[in-house]
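The structure under discussion appears below in the form of structure tokens.
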Amino acid sequence: MKYAFARLWTGNTASGLATWALPFILGLAVLERSLSAVDLGIVLATRTAGFLVAVPVAGVLADRHSRRQVVLWAGLVAGLATPLIAAGMGRSVPLMATAAAVVGIGQGACRPAFQALTAEVIAEDRRQRANAAMTLAVRVTTLVAPGLTALLAVVASTPVLVIGTAVLWLAAALIPPRGTFTPVPAATKSRFVGDFADGLREARRHPWFLAGLGALTAVIATGYSATGVVLPLVSRDRYDTEAVLAGGLTAYTVGALVGAVVIARWRPRRQGWAALIGLGCYGFAPLSLLLPVHPAFVIAAYAVAGLGIELFNVPWFTATQREVEPGKLARVSSLDFLFSYGLAPAGLAFIAPAIGEFGAVPVLAVCTVVCFAAPAAAALVPSSRDFRVTRVPAAPVNGRS
């Protein structure tokens with residue numbers, strides 16, 4: 001069990017690091033003037049488009065076939081396409097964009113498969129700690145990788161660093177262990193649309209999932225997007241220093257690290273409510289930007305937001321793996337990634353024009369209210385209390401149970 005988890009953890013961490021590193025490395029290319037900011041936006045946009053297209057398809061495939069095989073092919077696709085991004089750098093933006101779209105497809109395909117594979121490899125009573133360990137690895141990577149990448153850039157060119165992410169994708173493809181899931185026999189398989197609709201019906205069986213996903217999507221599309229746009233402006237215009245920007249982002253990651261450590265062992269009595277309270281803590285981030293407070297309060301607010309997001313994420317993943325029917329888990333997980341992460345770019349695209357039209361203050365005020373109100377509304381759904389649907393016993397027949 002420990003060996004299998006170590007392989008799963010390593011593969012998942014490699015995919016997360018490859019996903020995170022590419023935008024940062026391409027940002028170095030912009031600084032070196034081998035790539036323009038507009039070209040960077042095009043490449044990252046096509047990667048996101050590939051991700052969004054692949055997630056629902058991969059959810060169906062991972063429930064039809066071996067989750068391990070889906071992870072393998074997703075990692076290979078991303079790993080083999082990545083060197084083409086390096087080859088097109090400074091030469092062909094269309095080549096870079098096309099390759100980035102293929103990488104996005106691999107990235108999107110592995111997400112629901114990894115979620116379902118975790119439920120296969122890890123026993124139910126250990127999944128919360130396992131999910132916490134995996135998210136902890138992502139946060140540590142986010143904290144230390146910028147400095148490490150900058151150091152590597154001293155001795156290696158940007159194209160070489162991009163190819164390094166291809167190696168990470170190959171590790172994500174080859175290292176994870178086999179699972180125990182038995183796919184549906186070929187004779188009983190339905191069409192893709194029917195399978196995807198079956199996943200939607202499974203999600204509807206869990207009101208807590210729909211409520212929580214709605215709250216998460218609202219927080220990411222408003223609060224996360226607004227703070228991503230406004231924090232650099234506030235750091236520059238209100239405090240006249242980049243230190244607030246750097247401090248806020250670092251505090252968010254540190255808070256998330258603390259949250260992952262805490263939730264690895266903490267078992268609140270009402271786990272769903274505790275998780276939604278954690279999600280609501282993100283509202284302190286736009287609130288701190290709305291008010292003329294000392295920079296320390298902005299940094300503290302971001303730390304609380306980071307802490308809260310992991311107090312939500314880990315129980316949320318664990319509950320989904322526990323409650324959803326195993327044969328439909330990848331499809332339901334794909335809905336999670338599709339709506340929560342998929343609407344983040346839409347939020348970013350909407351927030352900037354809204355700030356230009358109405359100003360930062362009203363936009364931040366609306367985002368603050370949404371971040372606090374959406375999780376509170378989700379908590380009103382009865383099954384959200386424990387992220388679990390209460391099974392009602394069958395009614396007695398003729399006085400007998």
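In the structure tokens, the first chain shown is A, the next is B, and so on; residue numbers restart at 1 for each chain, and ligands run from 1 in the order shown.
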
Checklist entry - Counting only C-alpha atoms, what is within 7 Å of region 255-262 of chain A, bar same-chain residues fewer than 4 positions away, as a VMD selection string? => result chain A and resid 132 135 to 136 139 251 266 303 to 304 306 to 311

I need the chosen residues saved as a short mmCIF file (atom, residue, chain, number, x, y, z; two decimals), in the first residue's frame, with C-alpha atoms.
data_model
loop_
_atom_site.label_atom_id
_atom_site.label_comp_id
_atom_site.auth_asym_id
_atom_site.auth_seq_id
_atom_site.Cartn_x
_atom_site.Cartn_y
_atom_site.Cartn_z
CA ALA A 132 -3.64 16.10 1.93
CA THR A 135 -1.99 18.79 -2.25
CA LEU A 136 0.87 19.49 0.17
CA ARG A 139 1.92 23.77 -2.50
CA ALA A 251 1.29 34.08 2.29
CA TRP A 266 -8.26 16.92 11.67
CA ALA A 303 -2.76 33.53 4.38
CA VAL A 304 -6.28 32.90 5.75
CA GLY A 306 -4.89 29.85 1.47
CA LEU A 307 -5.56 28.04 4.74
CA GLY A 308 -9.28 27.92 4.01
CA ILE A 309 -8.99 26.67 0.44
CA GLU A 310 -7.14 23.53 1.57
CA LEU A 311 -9.57 22.99 4.45
#

What are the nearest atom pairs, with distances in Å to one decimal, for all residues of region 110-154 of chain A that come at most 7 Å from region 11-35 of chain A, using only C-alpha atoms, set out by chain and rising residue number as CSV?
residue,atom,partner,partner_atom,distance
A:Met134,CA,A:Thr13,CA,6.8
A:Ala137,CA,A:Thr13,CA,6.3
A:Val138,CA,A:Thr13,CA,6.4
A:Thr141,CA,A:Leu17,CA,6.7

Just the selected residues (C-alpha atoms), exported as a tab-separated table (two decimals), in the first residue's frame, please.
chain	number	residue	atom	x	y	z
A	134	MET	CA	-0.75	15.23	-2.61
A	137	ALA	CA	3.33	18.48	-2.55
A	138	VAL	CA	1.68	20.90	-4.99
A	141	THR	CA	6.31	23.02	-5.36

Can you build me a table of region 33-134 of chain A residues sitting at most 6 Å from region 156-177 of chain A, with the closest atom pair per residue and its distance in Å to one decimal, using only C-alpha atoms, sorted by chain and residue number, as a Markdown table?
| residue | atom | partner | partner_atom | distance |
| --- | --- | --- | --- | --- |
| A:Val71 | CA | A:Ala173 | CA | 5.8 |
| A:Leu72 | CA | A:Ala173 | CA | 4.2 |
| A:Gly75 | CA | A:Ala173 | CA | 4.3 |
| A:Leu76 | CA | A:Leu170 | CA | 5.9 |
| A:Gly79 | CA | A:Ala166 | CA | 4.3 |
| A:Thr82 | CA | A:Ala166 | CA | 5.5 |
| A:Pro83 | CA | A:Ile163 | CA | 5.3 |
| A:Ala86 | CA | A:Pro159 | CA | 4.7 |

Item to check | region 271-284 of chain A surroundings by only C-alpha atoms, 7 Å radius, close-in-sequence under 4 positions cut, as a list of chain:residue names | outcome: A:Gly223, A:Arg267, A:Ser288, A:Ala301, A:Val304, A:Ala305, A:Gly308, A:Ile309, A:Leu311, A:Phe312, A:Pro315, A:Thr368, A:Cys371, A:Phe372, A:Pro375, A:Ala379, A:Ser384, A:Arg385, A:Asp386, A:Phe387

Next on the checklist: Need to verify the contact set: Arg126 (chain A), 10 Å, only C-alpha atoms, exclusion of same-chain residues closer than 5 positions in sequence. Can you return it as a PyMOL selection string?
Outcome noted: chain A and resi 119+131+264+318

Next on the checklist: Excluding region 102-114 of chain A and its own-chain neighbours fewer than 5 positions away, which residues fall within 8 Å of it when counting only C-alpha atoms? Please give them as number ranges by chain.
Outcome noted: A: 12, 15, 19, 46-55, 57-59, 62, 67-68, 70-71, 73-79, 81-82, 330-331, 333-334, 337

Checklist entry - A:Asp336, A:Glu120, A:Glu202, A:Glu323: which is nearest Pro56 (chain A), counting only C-alpha atoms? => result A:Asp336

Next on the checklist: Neighbouring residues of Thr320 (chain A) were defined as those with any atom within 10 Å, considering only C-alpha atoms; residues of the same chain fewer than 3 positions away were excluded. Please report them as a ChimeraX atom specification.
Outcome noted: /A:115-116,119,203,206,208-209,315-317,323-326,329,332-333,336,387-388

Item to check | Counting only C-alpha atoms, the option among A:Leu40, A:Leu335, A:Ala378, A:Ala99 closest to Gly199 (chain A) | outcome: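 Distance minimum relative to Gly199 (chain A) lands on A:Leu335.
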
Item to check | Residues of region 155-322 of chain A in helix (DSSP H, G or I), written as JSON, numbers by chain | outcome: {"A": [155, 158, 159, 160, 161, 162, 163, 164, 165, 166, 167, 168, 169, 170, 171, 172, 173, 174, 186, 187, 188, 192, 193, 194, 195, 196, 197, 198, 199, 200, 201, 202, 203, 204, 207, 208, 209, 210, 211, 212, 213, 214, 215, 216, 217, 218, 219, 220, 221, 222, 223, 224, 225, 226, 227, 228, 229, 230, 231, 232, 233, 234, 235, 236, 237, 243, 244, 245, 246, 247, 248, 249, 250, 251, 252, 253, 254, 255, 256, 257, 258, 259, 260, 261, 262, 263, 264, 265, 271, 272, 273, 274, 275, 276, 277, 278, 279, 280, 281, 282, 283, 284, 285, 286, 287, 288, 289, 290, 295, 296, 297, 298, 299, 300, 301, 302, 303, 304, 305, 306, 307, 308, 309, 310, 311, 312, 313, 314, 315, 316, 317, 318, 319, 320, 321, 322]}

Checklist entry - Separation of CA of Ala100 (chain A) and CA of Asp39 (chain A), in Å? => result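 CA of Asp39 (chain A) lies 11.9 Å from CA of Ala100 (chain A).
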
Checklist entry - For Ala349 (chain A), which residue among A:Val155, A:Val229, A:Ala133, A:Ile122 is the nearest when counting only C-alpha atoms? => result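 Of A:Val155, A:Val229, A:Ala133, A:Ile122, the one nearest Ala349 (chain A), counting only C-alpha atoms, is A:Val229.
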
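Coordinates place CA of Leu338 (chain A) at a distance of 23.9 Å from CA of Val121 (chain A).
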
Ala97 (chain A) environment, 7 Å, only C-alpha atoms, sequence neighbours closer than 4 positions dropped, as a short mmCIF file (atom, residue, chain, number, x, y, z; two decimals) with N, CA, C and O atoms, in the first residue's frame:
data_model
loop_
_atom_site.label_atom_id
_atom_site.label_comp_id
_atom_site.auth_asym_id
_atom_site.auth_seq_id
_atom_site.Cartn_x
_atom_site.Cartn_y
_atom_site.Cartn_z
N ILE A 42 -1.54 33.87 -26.12
CA ILE A 42 -2.10 32.95 -27.11
C ILE A 42 -1.75 31.51 -26.75
O ILE A 42 -2.61 30.62 -26.78
N VAL A 43 -0.50 31.27 -26.41
CA VAL A 43 -0.06 29.91 -26.09
C VAL A 43 -0.79 29.38 -24.85
O VAL A 43 -1.27 28.24 -24.84
N THR A 46 -4.53 28.62 -25.65
CA THR A 46 -4.75 27.37 -26.36
C THR A 46 -4.55 26.17 -25.44
O THR A 46 -5.23 25.15 -25.58
N VAL A 93 4.82 30.92 -33.61
CA VAL A 93 3.79 30.95 -32.59
C VAL A 93 2.68 29.94 -32.88
O VAL A 93 2.19 29.27 -31.96
N ALA A 101 -1.90 23.34 -27.06
CA ALA A 101 -3.25 22.77 -27.00
C ALA A 101 -3.20 21.27 -26.74
O ALA A 101 -3.99 20.72 -25.96
#

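Distance-wise, CA of Leu80 (chain A) and CA of Leu117 (chain A) end up 22.8 Å apart.
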
Which residues of region 201-252 of chain A come within 12 Å of region 143-148 of chain A, and for each one, what is the closest pair of atoms and their distance in Å to one decimal, counting only C-alpha atoms, sorted by chain and residue number, as JSON lines?
{"residue": "A:Ala246", "atom": "CA", "partner": "A:Leu143", "partner_atom": "CA", "distance": 11.3}
{"residue": "A:Gly247", "atom": "CA", "partner": "A:Leu143", "partner_atom": "CA", "distance": 11.8}
{"residue": "A:Leu249", "atom": "CA", "partner": "A:Leu143", "partner_atom": "CA", "distance": 9.3}
{"residue": "A:Thr250", "atom": "CA", "partner": "A:Leu143", "partner_atom": "CA", "distance": 7.0}
{"residue": "A:Ala251", "atom": "CA", "partner": "A:Leu143", "partner_atom": "CA", "distance": 9.7}
{"residue": "A:Tyr252", "atom": "CA", "partner": "A:Leu143", "partner_atom": "CA", "distance": 9.7}
